[in-house]
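> This is model21.txt (compact mmCIF, C-alpha atoms).
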# COMPACT_ATOMS: atom_id res chain seq x y z
CA MET A 1 -26.25 43.97 -33.87
CA SER A 2 -27.61 47.46 -34.58
CA GLN A 3 -25.50 50.58 -34.19
CA LEU A 4 -27.63 51.68 -31.26
CA CYS A 5 -26.94 48.37 -29.54
CA ARG A 6 -23.23 49.06 -29.93
CA VAL A 7 -23.75 51.93 -27.52
CA TYR A 8 -26.41 50.19 -25.43
CA PRO A 9 -25.26 46.52 -25.58
CA GLU A 10 -27.82 45.30 -23.07
CA CYS A 11 -30.60 45.99 -25.60
CA PRO A 12 -31.54 42.96 -27.73
CA GLY A 13 -32.14 44.93 -30.94
CA TRP A 14 -33.13 48.15 -32.67
CA VAL A 15 -36.84 47.67 -32.06
CA ALA A 16 -36.37 47.35 -28.32
CA VAL A 17 -34.26 50.50 -28.22
CA LYS A 18 -36.34 52.45 -30.69
CA GLY A 19 -39.56 51.81 -28.80
CA ASP A 20 -40.72 52.97 -25.40
CA ASN A 21 -37.30 52.44 -23.80
CA MET A 22 -35.72 54.87 -26.21
CA ASN A 23 -38.46 57.47 -25.74
CA THR A 24 -37.82 57.64 -22.01
CA LEU A 25 -34.11 58.39 -22.40
CA PRO A 26 -32.97 61.98 -21.83
CA ILE A 27 -31.70 64.43 -24.40
CA GLY A 28 -28.01 65.10 -23.82
CA LEU A 29 -26.51 68.59 -24.05
CA PHE A 30 -23.01 69.90 -23.49
CA ASP A 31 -21.08 73.15 -23.45
CA SER A 32 -17.69 74.22 -22.17
CA GLY A 33 -19.46 75.75 -19.20
CA VAL A 34 -22.85 77.17 -18.29
CA GLY A 35 -23.62 79.14 -21.46
CA GLY A 36 -25.42 76.18 -23.02
CA LEU A 37 -27.98 76.40 -20.24
CA THR A 38 -29.69 79.10 -22.34
CA VAL A 39 -30.35 76.34 -24.88
CA LEU A 40 -31.53 74.00 -22.14
CA ARG A 41 -33.89 76.68 -20.86
CA ALA A 42 -35.46 77.08 -24.31
CA MET A 43 -35.80 73.32 -24.71
CA ARG A 44 -37.42 72.86 -21.31
CA ALA A 45 -39.95 75.53 -22.19
CA ARG A 46 -40.78 74.00 -25.56
CA MET A 47 -40.66 70.33 -24.50
CA PRO A 48 -41.67 70.11 -20.82
CA GLY A 49 -42.22 66.35 -21.00
CA GLU A 50 -38.64 65.60 -22.04
CA SER A 51 -35.82 64.79 -19.66
CA PHE A 52 -32.40 66.37 -20.10
CA LEU A 53 -28.84 65.55 -19.11
CA TYR A 54 -26.49 68.55 -19.26
CA LEU A 55 -22.70 68.42 -19.00
CA GLY A 56 -20.66 71.59 -18.53
CA ASP A 57 -16.94 71.03 -19.11
CA THR A 58 -16.00 73.83 -16.73
CA ALA A 59 -12.55 72.43 -15.94
CA ARG A 60 -11.44 73.20 -19.51
CA LEU A 61 -13.35 76.34 -20.40
CA PRO A 62 -13.32 78.43 -22.45
CA TYR A 63 -13.36 76.41 -25.67
CA GLY A 64 -13.39 79.63 -27.69
CA THR A 65 -9.65 80.23 -27.35
CA LYS A 66 -8.59 76.62 -28.05
CA SER A 67 -7.38 75.14 -31.33
CA ARG A 68 -9.81 73.24 -33.56
CA ASP A 69 -8.11 69.90 -32.87
CA THR A 70 -8.32 70.46 -29.11
CA ILE A 71 -12.01 71.40 -29.28
CA ILE A 72 -12.77 68.26 -31.29
CA ARG A 73 -10.93 66.10 -28.75
CA TYR A 74 -12.81 67.69 -25.86
CA ALA A 75 -16.16 67.36 -27.63
CA LEU A 76 -15.60 63.65 -28.28
CA GLN A 77 -14.66 63.05 -24.64
CA VAL A 78 -17.70 64.93 -23.33
CA THR A 79 -20.03 63.15 -25.72
CA ALA A 80 -18.64 59.77 -24.69
CA LYS A 81 -19.61 60.54 -21.09
CA LEU A 82 -23.16 61.52 -22.09
CA VAL A 83 -23.58 58.45 -24.30
CA GLU A 84 -22.30 56.29 -21.45
CA ARG A 85 -25.23 57.59 -19.38
CA LYS A 86 -27.61 56.81 -22.29
CA ILE A 87 -29.21 59.59 -24.34
CA LYS A 88 -31.52 59.52 -27.34
CA LEU A 89 -30.27 62.71 -29.00
CA LEU A 90 -27.26 64.99 -28.58
CA VAL A 91 -27.35 68.78 -28.66
CA VAL A 92 -24.02 70.56 -28.98
CA ALA A 93 -25.16 73.59 -26.97
CA CYS A 94 -21.99 75.52 -27.73
CA ASN A 95 -21.37 77.56 -30.87
CA THR A 96 -17.61 77.00 -30.71
CA ALA A 97 -17.92 73.23 -30.35
CA THR A 98 -20.61 73.10 -33.05
CA ALA A 99 -18.40 74.97 -35.49
CA ALA A 100 -15.37 72.78 -34.83
CA SER A 101 -16.64 69.31 -33.99
CA LEU A 102 -20.11 68.61 -35.42
CA PRO A 103 -18.90 66.46 -38.38
CA ALA A 104 -16.56 64.48 -36.11
CA LEU A 105 -19.34 63.83 -33.59
CA ARG A 106 -21.73 62.68 -36.30
CA ARG A 107 -19.10 60.28 -37.67
CA ALA A 108 -18.35 58.93 -34.20
CA TYR A 109 -22.02 58.49 -33.21
CA PRO A 110 -24.10 57.77 -36.34
CA GLU A 111 -26.64 55.94 -34.16
CA ILE A 112 -28.03 59.08 -32.51
CA PRO A 113 -29.13 62.43 -33.97
CA VAL A 114 -26.53 65.15 -33.29
CA ILE A 115 -27.75 68.74 -33.47
CA GLY A 116 -25.67 71.91 -33.23
CA VAL A 117 -26.72 75.50 -32.63
CA VAL A 118 -25.17 77.11 -35.73
CA GLU A 119 -27.54 75.87 -38.43
CA PRO A 120 -30.76 76.81 -36.58
CA GLY A 121 -29.30 80.23 -35.81
CA ALA A 122 -28.28 80.74 -39.43
CA ARG A 123 -31.78 79.86 -40.63
CA ALA A 124 -33.33 82.28 -38.17
CA ALA A 125 -30.95 85.05 -39.28
CA CYS A 126 -31.79 84.51 -42.95
CA ARG A 127 -35.49 84.78 -42.15
CA ALA A 128 -35.04 87.86 -39.96
CA SER A 129 -32.78 89.90 -42.27
CA ARG A 130 -34.66 92.11 -44.69
CA GLY A 131 -31.74 93.16 -46.85
CA GLY A 132 -29.34 90.26 -46.36
CA ASP A 133 -26.77 92.23 -44.35
CA ILE A 134 -26.05 90.05 -41.31
CA ALA A 135 -23.52 90.49 -38.50
CA VAL A 136 -22.35 87.64 -36.29
CA ILE A 137 -20.66 88.08 -32.92
CA ALA A 138 -19.07 85.07 -31.26
CA THR A 139 -15.88 83.69 -29.73
CA GLU A 140 -12.57 83.91 -31.55
CA SER A 141 -12.71 80.25 -32.57
CA THR A 142 -16.24 80.43 -33.99
CA ILE A 143 -15.45 83.55 -36.01
CA ARG A 144 -12.13 82.14 -37.22
CA GLY A 145 -13.86 78.95 -38.38
CA ARG A 146 -16.48 80.94 -40.38
CA ALA A 147 -19.18 78.38 -39.53
CA TYR A 148 -21.97 80.98 -39.49
CA ASP A 149 -20.76 82.55 -42.74
CA GLU A 150 -20.89 79.19 -44.48
CA ALA A 151 -24.25 78.21 -42.99
CA ILE A 152 -25.87 81.55 -43.84
CA LEU A 153 -24.52 81.59 -47.39
CA ARG A 154 -25.76 78.05 -48.02
CA ILE A 155 -29.26 79.21 -47.17
CA ARG A 156 -29.06 82.71 -48.62
CA PRO A 157 -26.23 83.03 -51.20
CA ASP A 158 -26.87 86.77 -51.66
CA ALA A 159 -26.25 87.54 -47.97
CA ARG A 160 -23.36 89.71 -46.80
CA VAL A 161 -21.95 88.46 -43.50
CA ILE A 162 -19.69 90.35 -41.09
CA GLY A 163 -18.10 88.34 -38.28
CA LEU A 164 -16.70 89.87 -35.10
CA ALA A 165 -15.05 88.15 -32.13
CA CYS A 166 -16.10 89.54 -28.72
CA PRO A 167 -13.92 87.60 -26.26
CA LEU A 168 -14.71 89.76 -23.22
CA PHE A 169 -18.42 88.97 -23.34
CA VAL A 170 -18.08 85.46 -21.87
CA PRO A 171 -16.22 86.46 -18.67
CA MET A 172 -18.52 89.47 -18.32
CA VAL A 173 -21.59 87.24 -18.28
CA GLU A 174 -20.02 84.77 -15.87
CA ASP A 175 -19.16 87.65 -13.54
CA GLY A 176 -22.74 88.94 -13.74
CA LEU A 177 -21.80 92.12 -15.64
CA VAL A 178 -24.72 91.98 -18.04
CA GLU A 179 -26.33 95.41 -17.78
CA GLY A 180 -25.61 99.04 -17.02
CA GLU A 181 -22.94 101.46 -18.21
CA LEU A 182 -20.02 99.02 -18.04
CA ALA A 183 -21.76 96.34 -20.10
CA GLU A 184 -22.99 98.85 -22.67
CA GLY A 185 -19.59 100.52 -22.83
CA ILE A 186 -17.79 97.27 -23.65
CA ALA A 187 -20.52 96.32 -26.13
CA ALA A 188 -20.10 99.71 -27.81
CA ARG A 189 -16.34 99.26 -28.02
CA TYR A 190 -16.88 96.08 -30.01
CA LEU A 191 -19.93 97.03 -32.05
CA ASP A 192 -19.65 100.74 -32.85
CA GLY A 193 -17.38 100.00 -35.80
CA ILE A 194 -20.11 97.91 -37.41
CA PHE A 195 -23.16 99.93 -36.43
CA ARG A 196 -22.74 103.44 -34.99
CA THR A 197 -19.80 104.71 -37.06
CA PRO A 198 -21.14 103.58 -40.47
CA ARG A 199 -24.60 104.85 -39.54
CA GLU A 200 -23.18 108.31 -38.75
CA ARG A 201 -21.52 108.33 -42.17
CA GLY A 202 -24.82 107.49 -43.83
CA GLU A 203 -23.60 104.03 -44.77
CA LYS A 204 -25.61 100.82 -44.75
CA VAL A 205 -25.41 98.71 -41.60
CA PRO A 206 -26.50 95.11 -40.87
CA ASP A 207 -30.20 94.76 -40.06
CA CYS A 208 -29.66 91.48 -38.18
CA LEU A 209 -27.17 90.53 -35.47
CA VAL A 210 -26.61 86.88 -34.55
CA LEU A 211 -25.62 86.24 -30.94
CA GLY A 212 -23.27 83.44 -31.90
CA CYS A 213 -22.35 82.33 -28.38
CA THR A 214 -24.73 80.86 -25.83
CA HIS A 215 -23.52 83.36 -23.20
CA PHE A 216 -24.42 86.38 -25.27
CA PRO A 217 -28.24 86.32 -24.84
CA LEU A 218 -27.72 87.48 -21.25
CA LEU A 219 -26.18 90.65 -22.73
CA ALA A 220 -29.03 91.15 -25.19
CA GLU A 221 -30.40 94.27 -23.49
CA ALA A 222 -27.01 96.00 -23.44
CA ILE A 223 -26.29 94.96 -27.01
CA ALA A 224 -29.71 96.17 -28.19
CA HIS A 225 -29.08 99.60 -26.68
CA VAL A 226 -25.83 99.84 -28.63
CA VAL A 227 -26.98 98.62 -32.05
CA GLY A 228 -30.35 100.35 -32.05
CA PRO A 229 -33.98 99.31 -32.48
CA ASP A 230 -33.77 98.65 -36.21
CA VAL A 231 -31.42 95.69 -35.76
CA THR A 232 -32.97 92.28 -35.04
CA LEU A 233 -31.09 90.16 -32.53
CA VAL A 234 -31.09 86.42 -33.23
CA ASP A 235 -30.54 83.91 -30.44
CA SER A 236 -30.16 80.35 -31.72
CA ALA A 237 -31.46 78.76 -28.50
CA ALA A 238 -35.15 78.98 -29.45
CA THR A 239 -34.57 77.80 -33.01
CA THR A 240 -32.41 74.92 -31.79
CA ALA A 241 -35.17 73.85 -29.42
CA GLN A 242 -37.66 73.84 -32.31
CA ALA A 243 -35.27 71.83 -34.50
CA VAL A 244 -34.88 69.22 -31.77
CA LYS A 245 -38.64 68.98 -31.27
CA GLU A 246 -39.16 68.39 -35.00
CA ILE A 247 -36.53 65.63 -35.08
CA LEU A 248 -38.03 63.85 -32.08
CA GLU A 249 -41.46 63.97 -33.71
CA LYS A 250 -40.11 62.72 -37.04
CA GLU A 251 -38.24 59.82 -35.43
CA GLY A 252 -41.06 58.92 -33.03
CA LEU A 253 -38.84 59.60 -30.03
CA CYS A 254 -40.98 62.07 -28.08
CA SER A 255 -41.42 61.40 -24.39
CA ARG A 256 -44.91 60.51 -23.24
CA ASN A 257 -44.39 62.07 -19.82
CA GLU A 258 -46.12 65.27 -18.76
CA ARG A 259 -43.05 66.54 -16.93
CA GLY A 260 -39.45 65.49 -17.49
CA GLU A 261 -36.42 65.61 -15.21
CA THR A 262 -33.21 67.58 -15.64
CA SER A 263 -29.82 66.38 -14.40
CA PHE A 264 -26.52 68.23 -14.39
CA MET A 265 -22.87 67.20 -14.58
CA THR A 266 -19.77 69.36 -14.44
CA THR A 267 -16.05 68.68 -14.58
CA ASP A 268 -15.09 71.25 -11.92
CA ASP A 269 -16.60 73.12 -8.93
CA ALA A 270 -20.18 71.91 -8.57
CA GLU A 271 -21.01 74.77 -6.19
CA ARG A 272 -20.07 77.43 -8.73
CA PHE A 273 -21.88 75.57 -11.50
CA ALA A 274 -25.06 75.48 -9.40
CA ARG A 275 -24.77 79.18 -8.57
CA MET A 276 -24.13 80.21 -12.17
CA GLY A 277 -26.71 77.77 -13.48
CA GLY A 278 -29.49 79.48 -11.60
CA ARG A 279 -28.60 82.75 -13.33
CA PHE A 280 -28.80 81.19 -16.79
CA LEU A 281 -31.87 79.03 -16.18
CA GLY A 282 -33.93 81.50 -14.16
CA PHE A 283 -34.51 79.15 -11.24
CA PRO A 284 -32.30 77.84 -8.41
CA VAL A 285 -30.12 74.82 -9.10
CA PRO A 286 -29.28 72.98 -5.86
CA GLU A 287 -25.67 71.89 -5.62
CA SER A 288 -26.92 68.42 -4.69
CA ARG A 289 -28.31 68.08 -8.22
CA VAL A 290 -24.93 68.73 -9.85
CA GLU A 291 -22.66 65.70 -10.24
CA LEU A 292 -18.92 66.20 -10.47
CA VAL A 293 -17.46 63.95 -13.18
CA ASP A 294 -13.99 63.23 -14.54
CA LEU A 295 -13.38 62.91 -18.26
Mind converting the file's structure to C-alpha cells?

Amino acid sequence: MSQLCRVYPECPGWVAVKGDNMNTLPIGLFDSGVGGLTVLRAMRARMPGESFLYLGDTARLPYGTKSRDTIIRYALQVTAKLVERKIKLLVVACNTATAASLPALRRAYPEIPVIGVVEPGARAACRASRGGDIAVIATESTIRGRAYDEAILRIRPDARVIGLACPLFVPMVEDGLVEGELAEGIAARYLDGIFRTPRERGEKVPDCLVLGCTHFPLLAEAIAHVVGPDVTLVDSAATTAQAVKEILEKEGLCSRNERGETSFMTTDDAERFARMGGRFLGFPVPESRVELVDL
C-alpha cells in the first residue's frame, strides 16, 4: 500500500490517488489564528481554480509565545485534522509554526508536500536586498528560533541579518489598530533603533525588511512610514503562493476547475473568526461557512 493510501485508505493505489481524484482535493492551510488568511488571499488570487481548506487554531493562539515543543505538538494536531479531511498539499501559513515544526510535519506526512512561509520569504528578501543588510520582524518564537537568519544565510552567505521581536503587532492587528498615529507610534518604538537612530548618526541601515509574521502585512503602511521609502518590505504570502503553484505544476496536481471553493475551520468562536476573516481576506466571510472543530 502506498504512503498516500495510508492516509486515504479507501483509495486502491497511488495511481488512483495521484490522478483526477487527487487534483480535486483542496490545499490545506493552518495558522494559530487568522493571520494566515493573508497567505490564503494571495493563493486564491494566484490560483483561482484551486480549492482551499483553512484551519485557524484560535483556541490556542498565539503560538508566538509558546515553547518549541508545544508549537510542534499543536502543529501536528492541526495537520492531522486537515489530513483527515483530505488535502493534496499542506501550507504552514504561520511563520512561528514554520520555524518550529516544518521538519516534524514533513517526517510525519511524507506522502504530501509540506510548504512553509519562511523559505519563500527568505528568497524574496535575498532578491530584494541590494547590499545584503536585511532586517526581520516577527514573533518572539520566530526570532528566537533564528529560522529566517538560517534560511537567508543559506541563500546569501554574505548577508547581515538583524532580527527583532514585535509582540504587540499581533494584538494590534486583531483589534483593527493598523493605521494612524497609534500604529505608527508603536511601530516607531520597535523600529527606530534599527532605522531612524542609525540613519541620524550616518550609519548604514537595512535596505530590506521582512514582515516575518502573517499578521504584519496589515501594518505595512504604518511600518513603511516609519522605516522610510528606501527600505523594501517583503511579505512572504505572495512568494509562498508562487512556490505552491510551482509544486502543483511539477507534481501534476493542479485543479482543472475554473473556480475553486474555500472552507474554514476554527477551534474557538466561529463568529469572531468570520468577522476577523473578512478583514484579512478583503471580503465578507459568513459565519455559516466557518466550522467549529475540536482537536
> With only C-alpha atoms counted, which protein, DNA or RNA residues have an atom no more than 12 Å from (-12.6, 75.8, -13.2) in the file frame? Please answer as a list of chain:residue names.
A:Ser32, A:Gly33, A:Val34, A:Gly56, A:Asp57, A:Thr58, A:Ala59, A:Arg60, A:Leu61, A:Pro62, A:Glu174, A:Thr266, A:Thr267, A:Asp268, A:Asp269, A:Ala270, A:Glu271, A:Arg272, A:Phe273, A:Leu292
> A:Met47, A:Leu168, A:Ala100, A:Ala243: which is nearest A:Arg144, counting all atoms listed in the file?
A:Ala100
> Which residue, A:Gly28, A:Gly260, A:Pro206, A:Pro217, has the smallest gap to A:Ala128 when you use all atoms listed in the file?
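Residue with the minimum atom-to-atom distance to A:Ala128: A:Pro206.
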> Between A:Ala104, A:Arg275, A:Val234, A:Ile162, single out the one closest to A:Arg123, counting only C-alpha atoms.
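Ranking A:Ala104, A:Arg275, A:Val234, A:Ile162 by distance to A:Arg123, first place goes to A:Val234.
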> Tell me which of A:Cys208, A:Val78, A:Ala42, A:Leu218 sits closest to A:Ala183, counting all atoms listed in the file.
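For A:Ala183, the nearest of the candidates is A:Leu218.
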> Could you tell me which of A:Val39, A:Ile71, A:Cys126, A:Leu89 comes closest to A:Pro26 if we count all atoms listed in the file?
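For A:Pro26, the nearest of the candidates is A:Leu89.
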> Just give me the residues with any atom within 12 Å of (-20.2, 61.0, -21.5), file coordinates, counting only C-alpha atoms, written as JSON, numbers by chain.
{"A": [7, 28, 29, 30, 53, 54, 55, 56, 57, 74, 75, 76, 77, 78, 79, 80, 81, 82, 83, 84, 85, 86, 87, 90, 264, 265, 266, 267, 293, 294, 295]}
